[in-house]
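J.: File follows, structure-v2.txt with compact mmCIF, C-alpha atoms:
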# COMPACT_ATOMS: atom_id res chain seq x y z
CA MET A 1 -5.53 -0.64 -15.79
CA THR A 2 -5.67 -0.65 -12.01
CA LYS A 3 -6.49 2.97 -11.29
CA LYS A 4 -9.90 3.70 -12.72
CA GLU A 5 -11.21 7.22 -13.12
CA ILE A 6 -13.96 8.09 -10.69
CA LYS A 7 -17.20 8.85 -12.49
CA THR A 8 -18.27 12.43 -11.79
CA SER A 9 -21.31 14.43 -12.77
CA GLU A 10 -21.21 17.63 -14.80
CA ASP A 11 -23.87 19.13 -12.51
CA ILE A 12 -22.63 19.85 -9.00
CA ALA A 13 -26.24 19.55 -7.78
CA ASP A 14 -26.04 15.82 -8.51
CA LYS A 15 -23.08 15.33 -6.19
CA ASN A 16 -23.53 14.22 -2.58
CA PHE A 17 -19.86 14.62 -1.57
CA LYS A 18 -19.73 11.24 0.15
CA LYS A 19 -16.77 8.89 -0.18
CA LEU A 20 -16.76 5.17 0.60
CA SER A 21 -13.48 3.38 1.33
CA ILE A 22 -13.47 -0.42 1.72
CA GLN A 23 -10.75 -2.92 2.66
CA VAL A 24 -11.33 -6.57 1.75
CA SER A 25 -9.35 -9.65 2.70
CA LEU A 26 -9.99 -13.31 3.40
CA ASN A 27 -9.46 -12.61 7.11
CA GLY A 28 -11.77 -9.63 7.51
CA LEU A 29 -13.45 -6.51 6.17
CA SER A 30 -13.40 -2.83 7.04
CA PHE A 31 -15.00 0.32 5.65
CA CYS A 32 -15.65 3.97 6.40
CA VAL A 33 -17.77 6.71 4.89
CA ALA A 34 -16.59 10.32 4.80
CA ASP A 35 -18.18 13.64 3.93
CA THR A 36 -15.67 15.41 1.67
CA VAL A 37 -17.19 18.85 2.23
CA SER A 38 -17.32 18.94 6.02
CA GLN A 39 -14.23 16.66 5.99
CA LYS A 40 -15.61 14.38 8.65
CA LEU A 41 -15.83 10.61 8.96
CA LEU A 42 -19.50 9.76 9.24
CA TYR A 43 -19.48 6.09 10.20
CA SER A 44 -17.43 2.93 9.90
CA ASP A 45 -17.44 -0.76 10.72
CA SER A 46 -15.11 -3.74 10.60
CA LEU A 47 -15.47 -7.49 10.71
CA ALA A 48 -12.83 -10.10 11.58
CA PHE A 49 -13.47 -13.66 10.47
CA GLN A 50 -12.90 -16.54 12.86
CA GLU A 51 -11.04 -18.40 10.13
CA GLU A 52 -9.78 -17.54 6.67
CA LEU A 53 -12.57 -17.63 4.11
CA ASN A 54 -12.54 -18.30 0.40
CA PRO A 55 -13.27 -15.40 -1.99
CA LEU A 56 -16.90 -16.47 -2.55
CA THR A 57 -17.73 -16.64 1.15
CA MET A 58 -15.87 -13.39 1.77
CA LEU A 59 -18.04 -11.66 -0.83
CA ALA A 60 -21.17 -13.03 0.86
CA GLU A 61 -19.97 -11.48 4.14
CA LEU A 62 -19.31 -8.18 2.36
CA GLU A 63 -22.85 -8.19 0.99
CA LYS A 64 -24.20 -8.75 4.53
CA LEU A 65 -22.09 -5.87 5.83
CA PHE A 66 -23.38 -3.60 3.07
CA GLN A 67 -26.96 -4.59 3.84
CA LYS A 68 -26.44 -3.98 7.57
CA HIS A 69 -25.53 -0.35 6.84
CA ASP A 70 -27.72 0.03 3.72
CA LEU A 71 -24.59 0.81 1.69
CA HIS A 72 -26.02 -1.06 -1.28
CA GLN A 73 -28.83 1.50 -1.45
CA LYS A 74 -26.68 4.62 -1.08
CA GLN A 75 -24.87 6.69 -3.66
CA PHE A 76 -21.27 7.88 -3.38
CA ASP A 77 -19.26 10.31 -5.49
CA GLU A 78 -16.10 8.32 -4.81
CA VAL A 79 -15.55 4.65 -4.00
CA VAL A 80 -12.20 3.04 -3.22
CA VAL A 81 -11.56 -0.68 -2.70
CA VAL A 82 -8.33 -1.87 -1.09
CA HIS A 83 -7.44 -5.53 -1.72
CA ARG A 84 -5.38 -7.14 1.01
CA ASN A 85 -3.56 -10.40 0.28
CA THR A 86 -0.08 -11.81 -0.20
CA LEU A 87 -0.52 -12.32 -3.95
CA PHE A 88 1.70 -9.49 -5.11
CA GLY A 89 5.19 -8.61 -6.24
CA LEU A 90 7.14 -5.36 -6.54
CA VAL A 91 8.77 -4.70 -9.91
CA PRO A 92 11.16 -1.87 -10.86
CA LYS A 93 9.29 0.47 -13.18
CA SER A 94 12.12 0.34 -15.74
CA LEU A 95 11.64 -3.43 -16.08
CA PHE A 96 7.86 -3.51 -16.08
CA ASN A 97 5.91 -4.53 -19.18
CA ALA A 98 2.12 -4.53 -18.84
CA ASP A 99 1.86 -7.08 -21.66
CA GLU A 100 3.83 -9.58 -19.55
CA ILE A 101 2.02 -8.90 -16.27
CA SER A 102 1.11 -12.55 -15.65
CA SER A 103 4.80 -13.56 -15.54
CA TYR A 104 5.76 -11.42 -12.54
CA LEU A 105 4.04 -13.55 -9.89
CA GLN A 106 4.43 -17.05 -11.27
CA PHE A 107 7.47 -17.89 -9.10
CA ASN A 108 6.50 -16.30 -5.76
CA ALA A 109 2.73 -16.76 -5.46
CA LYS A 110 0.14 -19.46 -6.10
CA ILE A 111 -1.61 -18.10 -9.16
CA LEU A 112 -4.50 -19.81 -10.91
CA SER A 113 -4.96 -19.71 -14.67
CA THR A 114 -8.25 -17.87 -14.13
CA ASP A 115 -6.74 -15.13 -11.95
CA VAL A 116 -6.80 -11.59 -13.30
CA MET A 117 -3.72 -9.43 -12.65
CA ALA A 118 -3.68 -5.74 -11.83
CA TYR A 119 -1.00 -3.23 -10.93
CA ASP A 120 -0.44 0.03 -9.06
CA GLU A 121 2.38 2.50 -9.49
CA VAL A 122 3.98 3.40 -6.16
CA GLU A 123 4.30 7.18 -6.16
CA HIS A 124 7.81 8.71 -6.26
CA GLN A 125 9.51 5.31 -6.00
CA ASP A 126 9.67 4.04 -9.62
CA ILE A 127 8.08 0.80 -8.41
CA ILE A 128 5.14 -1.15 -9.80
CA ASN A 129 3.08 -3.34 -7.47
CA VAL A 130 1.65 -6.28 -9.43
CA TYR A 131 -1.10 -8.18 -7.63
CA VAL A 132 -4.23 -10.31 -7.86
CA PRO A 133 -7.39 -8.40 -6.90
CA TYR A 134 -10.60 -10.12 -5.77
CA MET A 135 -12.46 -9.69 -9.03
CA ASN A 136 -15.76 -10.94 -7.60
CA VAL A 137 -15.62 -8.01 -5.16
CA ASN A 138 -14.73 -5.59 -7.96
CA ASN A 139 -17.66 -6.81 -10.04
CA TYR A 140 -20.05 -6.48 -7.09
CA VAL A 141 -18.91 -2.93 -6.31
CA TYR A 142 -19.08 -1.94 -9.98
CA ASP A 143 -22.64 -3.23 -10.25
CA LEU A 144 -23.62 -1.07 -7.26
CA TYR A 145 -21.74 2.17 -7.95
CA GLY A 146 -20.24 2.13 -11.42
CA GLU A 147 -16.68 3.31 -11.94
CA PHE A 148 -14.42 3.23 -8.87
CA THR A 149 -10.77 3.03 -7.83
CA TYR A 150 -9.09 -0.09 -6.53
CA MET A 151 -5.59 -0.83 -5.33
CA HIS A 152 -3.50 -3.21 -3.25
CA ASN A 153 -3.06 -2.60 0.49
CA GLY A 154 0.72 -2.74 0.03
CA THR A 155 0.57 0.29 -2.23
CA VAL A 156 -1.38 2.26 0.38
CA LEU A 157 0.94 1.18 3.20
CA ILE A 158 4.11 2.10 1.34
CA GLN A 159 2.85 5.49 0.17
CA SER A 160 1.33 6.41 3.54
CA LEU A 161 4.40 5.46 5.57
CA LEU A 162 6.75 7.21 3.14
CA SER A 163 4.72 10.41 3.31
CA SER A 164 4.79 10.33 7.11
CA GLN A 165 8.59 10.15 7.21
CA GLY A 166 10.30 13.37 8.24
CA ASN A 167 13.75 14.49 7.19
CA THR A 168 15.72 11.81 8.95
CA ASN A 169 18.57 9.48 8.06
CA THR A 170 17.27 6.81 10.44
CA THR A 171 16.13 3.48 9.03
CA PHE A 172 12.72 2.41 10.34
CA CYS A 173 11.02 -0.97 10.23
CA TYR A 174 7.21 -0.84 10.33
CA ALA A 175 5.12 -3.95 10.96
CA HIS A 176 1.41 -3.73 10.20
CA VAL A 177 -0.38 -6.48 12.11
CA SER A 178 -3.72 -8.09 11.40
CA LYS A 179 -5.13 -11.51 12.05
CA LYS A 180 -2.75 -14.03 10.46
CA GLN A 181 -1.02 -11.47 8.21
CA LEU A 182 2.09 -9.40 8.86
CA ASP A 183 3.06 -6.60 6.45
CA ILE A 184 6.63 -5.35 6.90
CA THR A 185 7.84 -2.05 5.43
CA VAL A 186 11.43 -0.87 5.82
CA ILE A 187 12.23 2.73 4.91
CA SER A 188 15.51 4.60 4.93
CA GLN A 189 16.00 8.24 3.93
CA LYS A 190 12.58 8.40 2.24
CA LYS A 191 13.39 5.35 0.15
CA LEU A 192 11.73 1.97 0.30
CA LEU A 193 14.19 -0.81 1.19
CA LEU A 194 11.65 -3.61 1.51
CA PHE A 195 7.96 -4.40 1.58
CA ASN A 196 6.73 -7.94 2.10
CA SER A 197 3.79 -9.79 3.62
CA PHE A 198 3.78 -13.00 5.62
CA GLN A 199 1.00 -15.24 6.81
CA TYR A 200 1.54 -16.48 10.36
CA GLU A 201 -0.22 -18.75 12.85
CA THR A 202 1.76 -18.36 16.07
CA LYS A 203 3.73 -15.66 17.87
CA GLU A 204 6.87 -17.64 17.06
CA ASP A 205 6.06 -17.43 13.33
CA PHE A 206 5.55 -13.69 13.63
CA THR A 207 8.82 -13.13 15.46
CA TYR A 208 10.74 -15.34 13.05
CA TYR A 209 9.57 -13.39 9.99
CA LEU A 210 10.37 -10.06 11.61
CA LEU A 211 13.85 -11.13 12.69
CA PHE A 212 14.46 -12.75 9.29
CA VAL A 213 13.76 -9.46 7.50
CA LEU A 214 16.09 -7.55 9.81
CA GLU A 215 18.82 -10.14 9.30
CA GLN A 216 18.49 -10.11 5.50
CA LEU A 217 18.82 -6.33 5.46
CA GLU A 218 21.72 -6.50 7.93
CA LEU A 219 19.89 -4.29 10.43
CA ASN A 220 21.04 -4.46 14.05
CA THR A 221 18.25 -5.58 16.38
CA GLU A 222 19.81 -3.46 19.12
CA GLU A 223 19.66 -0.28 17.07
CA VAL A 224 16.96 -0.24 14.40
CA PRO A 225 13.60 1.20 15.56
CA VAL A 226 10.82 -1.33 14.96
CA LYS A 227 7.29 0.05 15.08
CA LEU A 228 4.29 -2.28 15.31
CA PHE A 229 0.77 -1.09 14.56
CA GLY A 230 -2.64 -2.42 13.68
CA GLU A 231 -4.21 -5.21 15.69
CA ILE A 232 -1.59 -5.34 18.44
CA LYS A 233 -0.95 -3.90 21.91
CA GLU A 234 1.95 -4.02 24.38
CA ASP A 235 0.29 -6.79 26.41
CA ASP A 236 -0.05 -8.96 23.32
CA PRO A 237 2.02 -12.19 23.51
CA VAL A 238 3.40 -11.39 20.04
CA PHE A 239 4.76 -8.04 21.22
CA LYS A 240 6.22 -9.55 24.39
CA LEU A 241 8.12 -12.20 22.44
CA CYS A 242 9.46 -9.69 19.91
CA TYR A 243 10.55 -7.47 22.80
CA ASP A 244 12.89 -10.26 23.97
CA PHE A 245 14.86 -10.01 20.72
CA ILE A 246 14.53 -6.39 19.58
CA GLN A 247 15.72 -3.58 21.79
CA ASP A 248 14.00 -0.58 20.19
CA ILE A 249 10.50 -1.91 19.59
CA SER A 250 7.29 -0.03 20.28
CA ILE A 251 3.63 0.27 19.43
CA PHE A 252 3.22 2.84 16.69
CA VAL A 253 0.18 5.11 16.55
CA PRO A 254 0.10 6.18 12.89
CA GLY A 255 -1.33 9.46 11.80
CA TYR A 256 -4.48 9.70 9.77
CA PRO A 257 -5.42 12.23 7.08
CA HIS A 258 -5.16 15.43 9.10
CA HIS A 259 -7.79 17.16 7.04
CA PHE A 260 -10.52 14.76 8.26
CA GLU A 261 -12.24 15.00 11.62
CA LEU A 262 -12.88 11.62 13.23
CA GLY A 263 -15.56 12.87 15.60
CA GLU A 264 -16.52 10.14 18.05
CA LEU A 265 -15.24 7.32 15.85
CA GLU A 266 -12.57 5.11 17.34
CA VAL A 267 -9.51 5.32 15.09
CA ALA A 268 -8.17 1.96 16.22
CA SER A 269 -11.27 0.23 14.85
CA ILE A 270 -10.70 1.54 11.32
CA ASP A 271 -8.16 -0.17 9.10
CA PHE A 272 -5.05 1.95 8.47
CA THR A 273 -5.30 1.54 4.69
CA VAL A 274 -8.97 2.53 4.69
CA LEU A 275 -8.22 5.78 6.51
CA ASN A 276 -5.34 6.59 4.21
CA THR A 277 -7.36 6.33 1.02
CA LEU A 278 -9.53 9.29 2.06
Would you write the structure of this file as structure tokens?

T.:
Amino acid sequence: MTKKEIKTSEDIADKNFKKLSIQVSLNGLSFCVADTVSQKLLYSDSLAFQEELNPLTMLAELEKLFQKHDLHQKQFDEVVVVHRNTLFGLVPKSLFNADEISSYLQFNAKILSTDVMAYDEVEHQDIINVYVPYMNVNNYVYDLYGEFTYMHNGTVLIQSLLSSQGNTNTTFCYAHVSKKQLDITVISQKKLLLFNSFQYETKEDFTYYLLFVLEQLELNTEEVPVKLFGEIKEDDPVFKLCYDFIQDISIFVPGYPHHFELGELEVASIDFTVLNTL
């Protein structure tokens, strides 16, 4: 079962009201710590790898990051791990069978016989997100903190973007950008039309995938609003190339959980999915 129950104490005196949210991927790491009483973010850090790592090396980097901030010696009432990769598939809830979970990714992802599958339920959408978590990370976090919650970054993206949609009939295309990975979410009238992730090397790759999605959904590049966010700015070569083909394209500044105060922390340095698991 993907969503694990957070372990809580019967005695409120044993609680420290601190929450740790972590995002792990083969291209980088990000985390933040929040105080759930004062509702403030206390500190955060992120790390981008120069090249894509393997899961073992990524875990070694996570251990170094934890040691840098003494996270491995701290206690938290809540811990959330967000796994970011392209090893996932969305399945209609009516067709999902947990006993057949290994069959859902065999045709659209490179799955090893030793891989463990997990799944999230996308709230209010009757969709199941089946994915491969980094189990070495899960085991490491469990050894440190005990029970915790883990999920796929696609689940967090979809739910966060859907909840931020107002009452509008407009179709929006959101592109979450990080090093070498592009996550595209298309929403219309509070319904998910598409979510997919692409690995890219060049700005031409990026633009191709974005235009391909719009074409497949028969969305007019002169009309549909396309909002890019994450590791991208208007002076980025990727944005400039996309701007040549898409009329209504802009940098999107997503909201964060309004009940948390960021203090002096720089929002742009904290991964979107990390913030939205608070």

J.: Could you give me, as a compact mmCIF listing (two decimals) with C-alpha atoms, in the frame of the given file, the residues that sit within 10 Å of (-25.2, 7.1, 1.3) in the file's coordinates, counting all atoms listed in the file?

T.:
# COMPACT_ATOMS: atom_id res chain seq x y z
CA ASN A 16 -23.53 14.22 -2.58
CA PHE A 17 -19.86 14.62 -1.57
CA LYS A 18 -19.73 11.24 0.15
CA LYS A 19 -16.77 8.89 -0.18
CA LEU A 20 -16.76 5.17 0.60
CA VAL A 33 -17.77 6.71 4.89
CA ALA A 34 -16.59 10.32 4.80
CA ASP A 35 -18.18 13.64 3.93
CA HIS A 69 -25.53 -0.35 6.84
CA ASP A 70 -27.72 0.03 3.72
CA LEU A 71 -24.59 0.81 1.69
CA HIS A 72 -26.02 -1.06 -1.28
CA GLN A 73 -28.83 1.50 -1.45
CA LYS A 74 -26.68 4.62 -1.08
CA GLN A 75 -24.87 6.69 -3.66
CA PHE A 76 -21.27 7.88 -3.38
CA ASP A 77 -19.26 10.31 -5.49

J.: Looking at only C-alpha atoms, which of A:Leu278, A:Ile246, A:Val81, A:Leu161 is the one that sits closest to Thr149 (chain A)?

T.: A:Val81

J.: Report, in Å to a single decimal, how far apart CA of Leu29 (chain A) and CA of Ala118 (chain A) are.

T.: 20.5 Å

J.: How far is it from CA of Ser188 (chain A) to CA of Leu214 (chain A), in Å with one decimal?

T.: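 If I compute the distance from CA of Ser188 (chain A) to CA of Leu214 (chain A), I get 13.1 Å.
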
J.: Name the closest residue to Gln181 (chain A) among the candidates A:Lys15, A:Lys64, A:Lys227, A:Lys203; distances are taken between atoms, counting only C-alpha atoms.

T.: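 Using only C-alpha atoms, the shortest distance to Gln181 (chain A) belongs to A:Lys203.
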
J.: Please indicate the distance in Å from CA of Gln199 (chain A) to CA of Lys180 (chain A), rounded to one decimal place.

T.: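 Between these atoms lies a distance of 5.4 Å.
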
J.: Between A:His124, A:Phe212, A:Thr277, A:Gly154, which one has atoms that come closest to Ser197 (chain A), using all atoms listed in the file?

T.: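 Between A:His124, A:Phe212, A:Thr277, A:Gly154, the residue approaching Ser197 (chain A) most closely is A:Gly154.
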
J.: Would you be able to write out as a list in words which residues have an atom within 12 Å of (19.8, -1.8, 17.1) in the file's coordinates, counting all atoms listed in the file?

T.: Thr170, Thr171, Phe172, Cys173, Leu211, Leu214, Glu215, Glu218, Leu219, Asn220, Thr221, Glu222, Glu223, Val224, Pro225, Val226, Phe245, Ile246, Gln247, Asp248 and Ile249 of chain A

J.: If we count all atoms listed in the file and set the cut-off at 10 Å, which residues sit around Leu241 (chain A), ignoring sequence neighbours fewer than 2 positions away in its own chain? Please answer as a list of chain:residue names.

T.: A:Lys203, A:Glu204, A:Phe206, A:Thr207, A:Asp236, A:Pro237, A:Val238, A:Phe239, A:Tyr243, A:Asp244, A:Phe245, A:Ile246

J.: Using all atoms listed in the file, find the one residue out of A:Leu59, A:Glu51, A:Asn196, A:Tyr140 that sits nearest to Leu87 (chain A).

T.: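 Ranked by minimum distance to Leu87 (chain A), first place goes to A:Asn196.
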
J.: Which is closer to Leu192 (chain A) than all the others in A:Pro92, A:Pro133, A:Gly230, A:Pro254, using only C-alpha atoms?

T.: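 With only C-alpha atoms as the atom set, the closest residue is A:Pro92.
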
J.: Could you check the closest approach to Ser30 (chain A) for each of A:Asn97, A:Gln189, A:Gln106, A:Ser178 and tell me which residue wins, using all atoms listed in the file?

T.: A:Ser178

J.: Give me the box for region 188-199 of chain A as lines of an AutoDock Vina configuration file, namely the centre and edge lengths in Å to one decimal of a box along x, y and z that holds every listed atom plus 8 Å on each side.

T.:
center_x = 8.5
center_y = -3.4
center_z = 3.5
size_x = 31.0
size_y = 39.6
size_z = 22.7
